Every structure is written in structure tokens, then in C-alpha cells.
>>> print(open('query-v8.pdb').read())   # PDB, C-alpha atoms
ATOM      1  CA  MET A 168     149.560  92.526   9.839
ATOM      2  CA  LYS A 169     150.909  89.367   8.143
ATOM      3  CA  ILE A 170     149.835  90.690   4.709
ATOM      4  CA  SER A 171     151.616  93.981   5.389
ATOM      5  CA  LYS A 172     154.838  92.154   6.289
ATOM      6  CA  ASP A 173     154.566  89.988   3.149
ATOM      7  CA  ILE A 174     154.105  93.085   0.974
ATOM      8  CA  LYS A 175     157.107  94.721   2.616
ATOM      9  CA  LYS A 176     159.269  91.670   1.931
ATOM     10  CA  MET A 177     158.018  91.556  -1.669
ATOM     11  CA  ALA A 178     158.844  95.266  -2.149
ATOM     12  CA  VAL A 179     162.403  94.703  -0.958
ATOM     13  CA  PHE A 180     162.733  91.719  -3.290
ATOM     14  CA  LEU A 181     161.398  93.715  -6.256
ATOM     15  CA  GLU A 182     163.758  96.607  -5.532
ATOM     16  CA  PHE A 183     166.664  94.152  -5.426
ATOM     17  CA  LEU A 184     165.565  92.563  -8.727
ATOM     18  CA  ALA A 185     165.236  95.963 -10.404
ATOM     19  CA  GLY A 186     168.707  97.061  -9.308
ATOM     20  CA  SER A 187     170.222  93.725 -10.249
ATOM     21  CA  GLY A 188     168.420  93.714 -13.623
ATOM     22  CA  LEU A 189     169.797  97.135 -14.515
ATOM     23  CA  ALA A 190     173.271  96.079 -13.445
ATOM     24  CA  ILE A 191     173.051  92.955 -15.622
ATOM     25  CA  PHE A 192     171.748  94.997 -18.534
ATOM     26  CA  PHE A 193     174.691  97.410 -18.329
ATOM     27  CA  HIS A 194     177.127  94.525 -17.935
ATOM     28  CA  MET A 195     175.828  92.085 -20.530
ATOM     29  CA  VAL A 196     174.251  94.348 -23.139
ATOM     30  CA  LEU A 197     175.981  97.688 -22.899
ATOM     31  CA  LYS A 198     179.322  96.163 -21.848
ATOM     32  CA  HIS A 199     179.763  98.938 -19.275
ATOM     33  CA  GLU A 200     181.133  97.007 -16.326
ATOM     34  CA  GLU A 201     181.958 100.000 -14.134
ATOM     35  CA  ALA A 202     178.416 101.398 -14.455
ATOM     36  CA  ALA A 203     177.013  97.909 -13.838
ATOM     37  CA  TYR A 204     178.897  97.560 -10.566
ATOM     38  CA  MET A 205     177.862 101.051  -9.505
ATOM     39  CA  LEU A 206     174.209 100.363 -10.291
ATOM     40  CA  PHE A 207     174.343  97.056  -8.430
ATOM     41  CA  GLY A 208     175.914  98.673  -5.332
ATOM     42  CA  VAL A 209     173.564 101.667  -5.351
ATOM     43  CA  GLY A 210     170.593  99.341  -5.833
ATOM     44  CA  ILE A 211     171.542  97.255  -2.805
ATOM     45  CA  LEU A 212     172.080 100.376  -0.681
ATOM     46  CA  LEU A 213     168.733 101.834  -1.770
ATOM     47  CA  SER A 214     166.983  98.550  -1.002
ATOM     48  CA  LEU A 215     168.589  98.452   2.433
ATOM     49  CA  ALA A 216     167.754 102.112   3.122
ATOM     50  CA  THR A 217     164.105 101.761   2.091
ATOM     51  CA  TRP A 218     163.783  98.549   4.133
ATOM     52  CA  LEU A 219     165.187 100.246   7.247
ATOM     53  CA  LEU A 220     162.922 103.265   6.671
ATOM     54  CA  ARG A 221     159.855 101.045   6.406
ATOM     55  CA  GLU A 222     160.886  99.211   9.592
ATOM     56  CA  GLU A 223     161.226 102.535  11.440
ATOM     57  CA  ILE A 224     157.835 103.709  10.152
ATOM     58  CA  ASP A 225     156.192 100.448  11.211
ATOM     59  CA  GLU A 226     157.701 100.610  14.716
ATOM     60  CA  THR A 227     156.683 104.257  15.111
ATOM     61  CA  ARG A 228     153.159 103.525  13.904
ATOM     62  CA  GLU A 229     152.830 100.590  16.284
ATOM     63  CA  GLU A 230     154.114 102.638  19.225
ATOM     64  CA  LEU A 231     151.778 105.536  18.466
ATOM     65  CA  THR A 232     148.856 103.140  18.097
ATOM     66  CA  ASN A 233     149.607 101.586  21.490
ATOM     67  CA  GLN A 234     149.909 105.012  23.104
ATOM     68  CA  TYR A 235     146.629 106.082  21.530
ATOM     69  CA  HIS A 236     144.811 103.016  22.820
ATOM     70  CA  GLN A 237     146.326 103.477  26.294
ATOM     71  CA  ALA A 238     145.350 107.147  26.381
ATOM     72  CA  HIS A 239     141.796 106.361  25.320
ATOM     73  CA  GLU A 240     141.385 103.036  27.091
ATOM     74  CA  ILE A 241     138.982 104.475  29.668
ATOM     75  CA  THR A 242     137.051 106.344  26.958
ATOM     76  CA  PHE A 243     136.652 103.147  24.936
ATOM     77  CA  ALA A 244     135.580 101.253  28.071
ATOM     78  CA  LEU A 245     132.960 103.902  28.930
ATOM     79  CA  ALA A 246     131.652 103.835  25.372
ATOM     80  CA  GLN A 247     130.968 100.110  25.719
ATOM     81  CA  ILE A 248     128.635 100.644  28.704
ATOM     82  CA  GLY A 249     125.117 100.432  27.328
ATOM     83  CA  ASP A 250     122.967 100.512  30.457
ATOM     84  CA  PRO A 251     121.950 104.133  31.325
ATOM     85  CA  GLU A 252     122.129 103.510  35.084
ATOM     86  CA  CYS A 253     125.585 102.009  34.712
ATOM     87  CA  GLN A 254     126.599 105.050  32.650
ATOM     88  CA  VAL A 255     125.557 107.366  35.501
ATOM     89  CA  LYS A 256     127.581 105.318  37.977
ATOM     90  CA  ALA A 257     130.553 105.316  35.632
ATOM     91  CA  GLN A 258     130.414 109.118  35.416
ATOM     92  CA  GLU A 259     130.407 109.344  39.233
ATOM     93  CA  ILE A 260     133.472 107.122  39.387
ATOM     94  CA  MET A 261     135.179 109.222  36.725
ATOM     95  CA  GLY A 262     134.446 112.388  38.726
ATOM     96  CA  SER A 263     136.138 110.897  41.790
ATOM     97  CA  PHE A 264     139.018 109.694  39.618
ATOM     98  CA  LYS A 265     139.526 113.191  38.177
ATOM     99  CA  ARG A 266     139.638 114.717  41.666
ATOM    100  CA  THR A 267     142.258 112.179  42.711
ATOM    101  CA  ILE A 268     144.334 112.905  39.603
ATOM    102  CA  GLY A 269     144.011 116.614  40.378
ATOM    103  CA  LEU A 270     145.513 116.043  43.830
ATOM    104  CA  LEU A 271     148.387 114.061  42.353
ATOM    105  CA  GLN A 272     149.047 116.831  39.819
ATOM    106  CA  GLN A 273     149.374 119.286  42.715
ATOM    107  CA  GLY A 274     151.923 117.039  44.418
ATOM    108  CA  TYR A 275     149.572 115.524  47.015
ATOM    109  CA  ILE A 276     149.288 111.806  47.752
ATOM    110  CA  PRO A 277     145.779 110.889  48.992
ATOM    111  CA  MET A 278     145.620 108.168  51.654
ATOM    112  CA  ASP A 279     142.971 106.280  53.592
ATOM    113  CA  GLU A 280     142.954 106.469  57.405
ATOM    114  CA  THR A 281     145.282 103.520  58.020
ATOM    115  CA  GLU A 282     147.748 104.691  55.378
ATOM    116  CA  PHE A 283     147.575 108.241  56.729
ATOM    117  CA  TYR A 284     148.597 107.403  60.294
ATOM    118  CA  LEU A 285     151.112 104.815  59.104
ATOM    119  CA  GLU A 286     152.730 107.507  56.951
ATOM    120  CA  GLY A 287     152.679 109.881  59.935
ATOM    121  CA  ALA A 288     154.471 107.253  62.018
ATOM    122  CA  ARG A 289     157.067 106.744  59.268
ATOM    123  CA  CYS A 290     157.658 110.484  58.980
ATOM    124  CA  SER A 291     158.053 110.678  62.756
ATOM    125  CA  ASP A 292     160.602 107.858  62.696
ATOM    126  CA  HIS A 293     162.594 109.696  60.011
ATOM    127  CA  ALA A 294     162.353 113.176  61.539
ATOM    128  CA  VAL A 295     165.659 114.555  62.836
ATOM    129  CA  ARG A 296     164.824 118.110  63.963
ATOM    130  CA  THR A 297     161.192 119.068  64.444
ATOM    131  CA  ILE A 298     157.624 117.803  64.356
ATOM    132  CA  LYS A 299     154.916 120.465  64.366
ATOM    133  CA  ALA A 300     151.294 119.396  64.610
ATOM    134  CA  VAL A 301     147.840 120.908  64.927
ATOM    135  CA  ASP A 302     145.188 118.456  66.133
ATOM    136  CA  PRO A 303     141.516 118.882  66.977
ATOM    137  CA  LEU A 304     141.027 117.222  70.349
ATOM    138  CA  VAL A 305     138.340 114.724  69.430
ATOM    139  CA  PRO A 306     137.014 111.805  71.528
ATOM    140  CA  GLY A 307     139.212 108.730  71.324
ATOM    141  CA  TRP A 308     142.443 110.605  70.581
ATOM    142  CA  ASN A 309     144.259 108.590  73.259
ATOM    143  CA  SER A 310     142.475 105.284  72.708
ATOM    144  CA  ARG A 311     142.287 104.577  68.957
ATOM    145  CA  GLY A 312     144.909 102.083  67.817
ATOM    146  CA  SER A 313     146.117 103.999  64.763
ATOM    147  CA  LEU A 314     146.552 107.204  66.779
ATOM    148  CA  LEU A 315     148.294 105.378  69.632
ATOM    149  CA  ASN A 316     150.789 103.826  67.224
ATOM    150  CA  TYR A 317     151.347 107.247  65.646
ATOM    151  CA  TYR A 318     151.922 108.766  69.083
ATOM    152  CA  GLN A 319     154.406 106.013  69.958
ATOM    153  CA  ALA A 320     156.378 107.038  66.856
ATOM    154  CA  ASN A 321     156.272 110.620  68.207
ATOM    155  CA  LEU A 322     157.747 109.409  71.494
ATOM    156  CA  ARG A 323     160.533 107.551  69.691
ATOM    157  CA  ALA A 324     161.352 110.758  67.841
ATOM    158  CA  ARG A 325     161.328 112.668  71.135
ATOM    159  CA  GLU A 326     163.829 110.177  72.592
ATOM    160  CA  ARG A 327     166.136 110.937  69.647
ATOM    161  CA  GLY A 328     166.029 114.627  70.542
ATOM    162  CA  VAL A 329     163.432 115.740  68.002
ATOM    163  CA  SER A 330     161.554 118.844  69.145
ATOM    164  CA  ILE A 331     157.773 118.264  69.045
ATOM    165  CA  THR A 332     155.196 121.044  69.272
ATOM    166  CA  ARG A 333     151.506 120.096  69.257
ATOM    167  CA  VAL A 334     148.670 122.604  69.274
ATOM    168  CA  PHE A 335     145.321 121.120  70.298
ATOM    169  CA  VAL A 336     142.192 122.810  68.963
ATOM    170  CA  LEU A 337     139.506 122.873  71.681
ATOM    171  CA  GLU A 338     136.038 124.141  72.340
ATOM    172  CA  ARG A 339     135.979 126.338  75.424
ATOM    173  CA  ASN A 340     133.360 124.178  77.100
ATOM    174  CA  SER A 341     135.684 121.136  76.896
ATOM    175  CA  LEU A 342     138.229 122.548  79.337
ATOM    176  CA  ASP A 343     136.601 120.827  82.307
ATOM    177  CA  ASP A 344     136.571 117.407  80.658
ATOM    178  CA  PRO A 345     138.746 114.959  82.689
ATOM    179  CA  GLU A 346     139.723 113.133  79.484
ATOM    180  CA  VAL A 347     141.084 116.390  78.080
ATOM    181  CA  HIS A 348     142.990 116.998  81.298
ATOM    182  CA  THR A 349     144.561 113.526  81.199
ATOM    183  CA  LEU A 350     145.557 113.800  77.552
ATOM    184  CA  LEU A 351     147.185 117.206  77.940
ATOM    185  CA  MET A 352     148.940 116.143  81.144
ATOM    186  CA  ASN A 353     150.337 112.947  79.605
ATOM    187  CA  GLN A 354     151.695 114.642  76.485
ATOM    188  CA  HIS A 355     153.177 117.471  78.542
ATOM    189  CA  SER A 356     154.853 114.900  80.814
ATOM    190  CA  ASP A 357     156.277 113.112  77.742
ATOM    191  CA  GLY A 358     158.283 116.223  76.864
ATOM    192  CA  ILE A 359     156.040 117.532  74.113
ATOM    193  CA  ASP A 360     155.505 121.275  73.913
ATOM    194  CA  VAL A 361     151.722 121.163  74.253
ATOM    195  CA  ARG A 362     149.667 124.224  73.457
ATOM    196  CA  VAL A 363     145.953 124.925  73.286
ATOM    197  CA  THR A 364     143.953 127.144  70.973
ATOM    198  CA  PHE A 365     140.220 127.676  70.891
ATOM    199  CA  ARG A 366     138.351 127.048  67.674
ATOM    200  CA  GLU A 367     137.099 130.633  67.500
ATOM    201  CA  GLU A 368     140.708 131.834  67.736
ATOM    202  CA  LEU A 369     141.860 130.002  64.614
ATOM    203  CA  PRO A 370     143.134 132.237  61.785
ATOM    204  CA  SER A 371     140.414 133.596  59.523
ATOM    205  CA  ALA A 372     140.345 132.911  55.798
ATOM    206  CA  SER A 373     141.773 136.381  55.112
ATOM    207  CA  ASP A 374     144.838 135.507  57.195
ATOM    208  CA  ILE A 375     145.628 132.404  55.155
ATOM    209  CA  SER A 376     146.920 133.854  51.902
ATOM    210  CA  GLY A 377     147.146 131.416  49.000
ATOM    211  CA  ARG A 378     145.765 128.456  50.911
ATOM    212  CA  ASP A 379     142.550 126.451  50.782
ATOM    213  CA  THR A 380     140.157 128.162  53.207
ATOM    214  CA  ASN A 381     138.468 124.817  53.908
ATOM    215  CA  SER A 382     141.429 123.774  56.026
ATOM    216  CA  SER A 383     140.740 121.042  58.532
ATOM    217  CA  SER A 384     143.217 122.523  61.042
ATOM    218  CA  ASP A 385     144.416 118.945  61.439
ATOM    219  CA  PHE A 386     147.901 118.687  59.960
ATOM    220  CA  ALA A 387     151.540 118.011  60.786
ATOM    221  CA  LEU A 388     154.944 119.137  59.527
ATOM    222  CA  TYR A 389     158.056 116.958  59.673
ATOM    223  CA  ASP A 390     161.403 118.790  59.544
ATOM    224  CA  ASP A 391     159.543 121.492  57.575
ATOM    225  CA  GLN A 392     159.919 119.261  54.510
ATOM    226  CA  ILE A 393     156.842 117.015  54.556
ATOM    227  CA  ALA A 394     153.264 117.935  55.424
ATOM    228  CA  THR A 395     150.275 115.696  56.095
ATOM    229  CA  GLU A 396     146.683 116.874  56.499
ATOM    230  CA  VAL A 397     143.307 115.334  57.272
ATOM    231  CA  PHE A 398     140.544 116.188  54.798
ATOM    232  CA  VAL A 399     137.695 118.364  56.051
ATOM    233  CA  GLN A 400     134.969 116.384  54.308
ATOM    234  CA  PRO A 401     134.714 112.617  54.856
ATOM    235  CA  GLY A 402     135.122 110.505  51.761
ATOM    236  CA  LYS A 403     137.151 107.759  50.159
ATOM    237  CA  PHE A 404     140.409 109.241  51.435
ATOM    238  CA  HIS A 405     141.141 110.316  54.998
ATOM    239  CA  GLY A 406     144.029 112.679  54.308
ATOM    240  CA  ARG A 407     146.897 113.651  52.065
ATOM    241  CA  LYS A 408     150.660 114.117  52.085
ATOM    242  CA  THR A 409     152.941 116.450  50.157
ATOM    243  CA  ALA A 410     156.648 117.198  49.949
ATOM    244  CA  GLN A 411     156.297 120.040  47.420
ATOM    245  CA  PRO A 412     158.213 123.023  48.904
ATOM    246  CA  ALA A 413     155.567 125.575  47.857
ATOM    247  CA  GLU A 414     152.753 123.571  49.443
ATOM    248  CA  VAL A 415     154.729 122.793  52.605
ATOM    249  CA  ALA A 416     155.469 126.531  52.983
ATOM    250  CA  LYS A 417     151.705 127.213  53.145
ATOM    251  CA  TYR A 418     151.356 124.795  56.056
ATOM    252  CA  GLN A 419     154.352 126.386  57.761
ATOM    253  CA  ARG A 420     152.712 129.813  57.582
ATOM    254  CA  LEU A 421     149.406 128.455  58.876
ATOM    255  CA  PHE A 422     151.163 126.698  61.762
ATOM    256  CA  ASP A 423     152.974 129.912  62.699
ATOM    257  CA  LEU A 424     149.665 131.790  62.740
ATOM    258  CA  ILE A 425     147.957 129.159  64.894
ATOM    259  CA  LEU A 426     150.945 128.885  67.237
ATOM    260  CA  HIS A 427     151.040 132.658  67.678
ATOM    261  CA  GLY A 428     147.439 132.667  68.910
ATOM    262  CA  SER A 429     147.748 129.559  71.092
ATOM    263  CA  HIS A 430     148.092 129.242  74.877
ATOM    264  CA  ALA A 431     150.975 127.442  76.538
ATOM    265  CA  ILE A 432     150.050 125.047  79.341
ATOM    266  CA  GLY A 433     151.636 124.498  82.713
ATOM    267  CA  ILE A 434     151.181 122.268  85.750
ATOM    268  CA  ASP A 435     149.851 123.728  89.010
ATOM    269  CA  ASN A 436     149.248 121.279  91.872
ATOM    270  CA  ASP A 437     148.784 118.387  89.437
ATOM    271  CA  ARG A 438     146.394 120.448  87.378
ATOM    272  CA  VAL A 439     146.813 121.623  83.827
ATOM    273  CA  VAL A 440     146.516 125.390  83.547
ATOM    274  CA  LEU A 441     146.685 127.711  80.573
ATOM    275  CA  VAL A 442     149.568 130.082  81.087
ATOM    276  CA  GLY A 443     148.398 133.689  81.198
ATOM    277  CA  GLU A 444     144.744 132.828  81.769
ATOM    278  CA  GLY A 445     142.691 131.819  84.749
ATOM    279  CA  PHE A 446     141.473 128.523  83.278
ATOM    280  CA  LYS A 447     142.097 125.309  85.165
ATOM    281  CA  LEU A 448     141.136 121.879  83.969
ATOM    282  CA  ALA A 449     139.387 119.608  86.440
ATOM    283  CA  SER A 450     141.305 116.512  87.408
TER
END
>>> encode(input="query-v8.pdb", output="C-alpha cells")
Amino acid sequence: MKISKDIKKMAVFLEFLAGSGLAIFFHMVLKHEEAAYMLFGVGILLSLATWLLREEIDETREELTNQYHQAHEITFALAQIGDPECQVKAQEIMGSFKRTIGLLQQGYIPMDETEFYLEGARCSDHAVRTIKAVDPLVPGWNSRGSLLNYYQANLRARERGVSITRVFVLERNSLDDPEVHTLLMNQHSDGIDVRVTFREELPSASDISGRDTNSSSDFALYDDQIATEVFVQPGKFHGRKTAQPAEVAKYQRLFDLILHGSHAIGIDNDRVVLVGEGFKLAS
């Protein structure tokens, strides 16, 4: 790099000497002062122009070189792994990395479990109109810390006048579970529009046009502008979030389908009942 700069400085100096030499020749030998001044001025301008051009070329080359190295940094790093077992592990990591990049390209932000429920709480705190959620009723829903903190954010939103609709996905044989009864009763008493749907009544893949058929049926919509969803398969990330209008619209359609097939609940003698059906949950 130092040699290149020295050559560049020498080239500028030589160009200046050549222009000056011609100007002196016209002035001293040919006695043509006007041509001498013109040659001297043009020589200086050409030297300046070529110097600026070389500077621009050098800066462009350096920038392109840096971009090239950045774009191929991972490739170069992988090429330096000599151990075959380490190469296999590196390829596994790259596969996971590509899947994560694919999610980001689609407008989804992957999150681990803590981040996921923290983001749900933040979205609840910022909601001004509606929160729509579909949740599988799994053990520990009303006892896990992250879910409790998320639910507290729901209650704060409810106090601000936000309308909250939650559809719980149940197995039919869980209707007599006292824990289920308590959970449904508490959320109903907190002013949440609680509904129940049975897993076999969820929309079929043919009903969900343009959407991943491996849906977890565990998602939420905030003001119909932000959607969060839990991944079906366990892995590095627990769930994802998107604010892309096209993607959020798919969740809105799915929620409408699930809500349409759900059962409203009511209270009858301190018992939770499914409106329109003869089911009663044991207290």
C-alpha cells in the first residue's frame, strides 16, 4: 500500500515536471510566451485531474474490497476449518443461520421464550383498541412467571378499555379439569371475552389459504397491526413477531375462522358452561 502511494505521488510529480518542461521550452526556446502559459496551466489542471481520478479509484477499490471481504467473511472462516467433524458442525450452524435469515427476510423477528412473552407484554401495553389471542390451554398457563406477567399486561390493557378476546384450544376430555374451570372463570371475571374451541374443530389446512399449514394455533394480534406466534416445533427460538401487513392479514383470517367455530362461555351457579351446549365444567 505504501509503495502504491509513493508511485502515485511520483506520477503526479512527473506529470507536473513534463508540463512545466514544455512550458519552459516554449517560453525560453521558442519565445512563445502565450503558448507557454497555456501549456503550464493545462499541465497543472491535467495533473490535478489525474490525481483526483486516481484518488477516487483508490477509494472505490478499497470500499469494494472491504465489501467483498465482509460478504465472504463467513465463507473464508468456514474454509479455514480443517477438522472434518468441526466442518459438519459448522454446516449445521449455517443451516440454522440460513433459516433465521429466511424468517427475517419474510418480516418475522424470531425470539426465545423470555423475549416472546416480554414482547407480548409490550404489545399489550401499547394496544389501544383490540387484543385477539388463540391459546392452547396447557398445564401451568396460570402459574408460569412469564405468562403471568404477560397476563398482567393484558389486564392493564383491559383497564384502559382495550377489548380482549381469547380463544382457548381444549381437548374435550379436559372440560372436567378443575384447573381449567378456575382459569376460564378468572379470565371471564376479569372482563375478557373468553371462548373455547376443541382441537378437532380447528380450521383444516384447506381453510387456511396462503398460510403455513403447520400453524401452532398459538398466536395473538394487537390492534390488527402486530402478530406474534409460538413455533410448532421446539428449537432455538420459541416464537416470532411480524408487523408486515400481508402476514398480519393471514393471522386475522385464521383468527376469524377459529372464532367462528368457537363456543362462548357463561356462568351458571358459579360454574362455567359453554353457551349452546350441555357441557358444564366441574368446580
>>> resolve_selection(input="query-v8.pdb", expression="the PyMOL selection byres ((chain A and resi 363) around 8)", output="ChimeraX atom specification")
/A:334-337,361-362,364-365,429-432,441
>>> residues_around(input="query-v8.pdb", residues="stretch 244-248 of chain A", least_positions_apart="4", cutoff="10 Å", atoms="all atoms listed in the file", output="list in words")
His239, Glu240, Glu252, Cys253, Gln254, Ala257, Gln258 and Met261 of chain A
>>> closest_residue(input="query-v8.pdb", among="A:Glu326, A:Glu282, A:Gly269, A:Glu346", to="A:Val305", atoms="all atoms listed in the file")
A:Glu346
>>> atom_distance(input="query-v8.pdb", atom1="atom CA of A:Cys290", atom2="atom CA of A:Gly406")
14.6 Å
>>> atom_distance(input="query-v8.pdb", atom1="atom CA of A:Ala394", atom2="atom CA of A:Arg366")
21.3 Å
>>> residues_around(input="query-v8.pdb", residues="A:Lys408", least_positions_apart="5", cutoff="9 Å", atoms="only C-alpha atoms", output="MDAnalysis selection string")
chainID A and resid 274:278 283 286 393:396
>>> write_last_selection(input="query-v8.pdb", atoms="C-alpha atoms", output="PDB file, in the frame of the given file")
ATOM      1  CA  GLY A 274     151.923 117.039  44.418  1.00  0.00           C
ATOM      2  CA  TYR A 275     149.572 115.524  47.015  1.00  0.00           C
ATOM      3  CA  ILE A 276     149.288 111.806  47.752  1.00  0.00           C
ATOM      4  CA  PRO A 277     145.779 110.889  48.992  1.00  0.00           C
ATOM      5  CA  MET A 278     145.620 108.168  51.654  1.00  0.00           C
ATOM      6  CA  PHE A 283     147.575 108.241  56.729  1.00  0.00           C
ATOM      7  CA  GLU A 286     152.730 107.507  56.951  1.00  0.00           C
ATOM      8  CA  ILE A 393     156.842 117.015  54.556  1.00  0.00           C
ATOM      9  CA  ALA A 394     153.264 117.935  55.424  1.00  0.00           C
ATOM     10  CA  THR A 395     150.275 115.696  56.095  1.00  0.00           C
ATOM     11  CA  GLU A 396     146.683 116.874  56.499  1.00  0.00           C
TER      12      GLU A 396
END
>>> axis_aligned_box(input="query-v8.pdb", around="stretch 252-268 of chain A", padding_each_side="3 Å", output="lines of an AutoDock Vina configuration file")
center_x = 133.2
center_y = 108.4
center_z = 37.7
size_x = 28.2
size_y = 18.7
size_z = 16.1
>>> closest_residue(input="query-v8.pdb", among="A:Ser291, A:Ser313, A:Arg438, A:Leu270", to="A:Thr349", atoms="all atoms listed in the file")
A:Arg438
>>> closest_residue(input="query-v8.pdb", among="A:Asn316, A:Ala413, A:Lys299, A:Val440", to="A:Leu426", atoms="all atoms listed in the file")
A:Lys299
>>> closest_residue(input="query-v8.pdb", among="A:Ile434, A:Arg420, A:Tyr284, A:Gln400", to="A:Asn353", atoms="only C-alpha atoms")
A:Ile434
>>> resolve_selection(input="query-v8.pdb", expression="the PyMOL selection byres ((chain A and resi 415) around 8)", output="MDAnalysis selection string")
chainID A and resid 388 391:394 409:414 416:419
>>> atom_distance(input="query-v8.pdb", atom1="atom CA of A:Leu285", atom2="atom CA of A:Glu338")
27.9 Å
>>> residues_near_point(input="query-v8.pdb", point="(143.0, 116.8, 63.0)", cutoff="9 Å", atoms="all atoms listed in the file", output="PDB file with C-alpha atoms, in the frame of the given file")
ATOM      1  CA  ALA A 300     151.294 119.396  64.610  1.00  0.00           C
ATOM      2  CA  VAL A 301     147.840 120.908  64.927  1.00  0.00           C
ATOM      3  CA  ASP A 302     145.188 118.456  66.133  1.00  0.00           C
ATOM      4  CA  PRO A 303     141.516 118.882  66.977  1.00  0.00           C
ATOM      5  CA  LEU A 304     141.027 117.222  70.349  1.00  0.00           C
ATOM      6  CA  VAL A 305     138.340 114.724  69.430  1.00  0.00           C
ATOM      7  CA  PHE A 335     145.321 121.120  70.298  1.00  0.00           C
ATOM      8  CA  VAL A 336     142.192 122.810  68.963  1.00  0.00           C
ATOM      9  CA  SER A 383     140.740 121.042  58.532  1.00  0.00           C
ATOM     10  CA  SER A 384     143.217 122.523  61.042  1.00  0.00           C
ATOM     11  CA  ASP A 385     144.416 118.945  61.439  1.00  0.00           C
ATOM     12  CA  PHE A 386     147.901 118.687  59.960  1.00  0.00           C
ATOM     13  CA  ALA A 387     151.540 118.011  60.786  1.00  0.00           C
ATOM     14  CA  GLU A 396     146.683 116.874  56.499  1.00  0.00           C
ATOM     15  CA  VAL A 397     143.307 115.334  57.272  1.00  0.00           C
ATOM     16  CA  PHE A 398     140.544 116.188  54.798  1.00  0.00           C
ATOM     17  CA  VAL A 399     137.695 118.364  56.051  1.00  0.00           C
TER      18      VAL A 399
END
>>> residues_around(input="query-v8.pdb", residues="A:Gly328", least_positions_apart="6", cutoff="9 Å", atoms="all atoms listed in the file", output="number ranges by chain")
A: 295-297
>>> closest_residue(input="query-v8.pdb", among="A:Leu369, A:Tyr389, A:Phe243, A:Arg228", to="A:Arg289", atoms="only C-alpha atoms")
A:Tyr389
>>> closest_residue(input="query-v8.pdb", among="A:Glu222, A:Thr242, A:Lys256, A:Gly358", to="A:Arg323", atoms="only C-alpha atoms")
A:Gly358
>>> residues_near_point(input="query-v8.pdb", point="(153.7, 117.3, 74.1)", cutoff="8 Å", atoms="all atoms listed in the file", output="MDAnalysis selection string")
chainID A and resid 331:333 351 353:361
>>> write_last_selection(input="query-v8.pdb", atoms="C-alpha atoms", output="compact mmCIF listing (two decimals), keeping the file's coordinate frame")
# COMPACT_ATOMS: atom_id res chain seq x y z
CA ILE A 331 157.77 118.26 69.04
CA THR A 332 155.20 121.04 69.27
CA ARG A 333 151.51 120.10 69.26
CA LEU A 351 147.18 117.21 77.94
CA ASN A 353 150.34 112.95 79.60
CA GLN A 354 151.70 114.64 76.48
CA HIS A 355 153.18 117.47 78.54
CA SER A 356 154.85 114.90 80.81
CA ASP A 357 156.28 113.11 77.74
CA GLY A 358 158.28 116.22 76.86
CA ILE A 359 156.04 117.53 74.11
CA ASP A 360 155.50 121.28 73.91
CA VAL A 361 151.72 121.16 74.25
>>> decode(input="query-v8.pdb", residues="stretch 416-434 of chain A", atoms="C-alpha atoms", output="PDB file, in the first residue's frame")
ATOM      1  CA  ALA A 416     -53.768 -10.305   7.446  1.00  0.00           C
ATOM      2  CA  LYS A 417     -53.206 -14.090   7.337  1.00  0.00           C
ATOM      3  CA  TYR A 418     -53.415 -14.266  11.128  1.00  0.00           C
ATOM      4  CA  GLN A 419     -56.540 -12.109  11.073  1.00  0.00           C
ATOM      5  CA  ARG A 420     -58.248 -14.536   8.694  1.00  0.00           C
ATOM      6  CA  LEU A 421     -57.200 -17.537  10.778  1.00  0.00           C
ATOM      7  CA  PHE A 422     -58.475 -15.877  13.959  1.00  0.00           C
ATOM      8  CA  ASP A 423     -61.827 -15.147  12.310  1.00  0.00           C
ATOM      9  CA  LEU A 424     -62.130 -18.792  11.263  1.00  0.00           C
ATOM     10  CA  ILE A 425     -61.279 -20.081  14.740  1.00  0.00           C
ATOM     11  CA  LEU A 426     -63.565 -17.550  16.430  1.00  0.00           C
ATOM     12  CA  HIS A 427     -66.446 -18.517  14.149  1.00  0.00           C
ATOM     13  CA  GLY A 428     -66.194 -22.147  15.266  1.00  0.00           C
ATOM     14  CA  SER A 429     -65.646 -21.397  18.962  1.00  0.00           C
ATOM     15  CA  HIS A 430     -68.074 -21.605  21.895  1.00  0.00           C
ATOM     16  CA  ALA A 431     -68.837 -18.662  24.148  1.00  0.00           C
ATOM     17  CA  ILE A 432     -68.816 -19.374  27.881  1.00  0.00           C
ATOM     18  CA  GLY A 433     -71.185 -18.272  30.595  1.00  0.00           C
ATOM     19  CA  ILE A 434     -71.574 -18.618  34.354  1.00  0.00           C
TER      20      ILE A 434
END
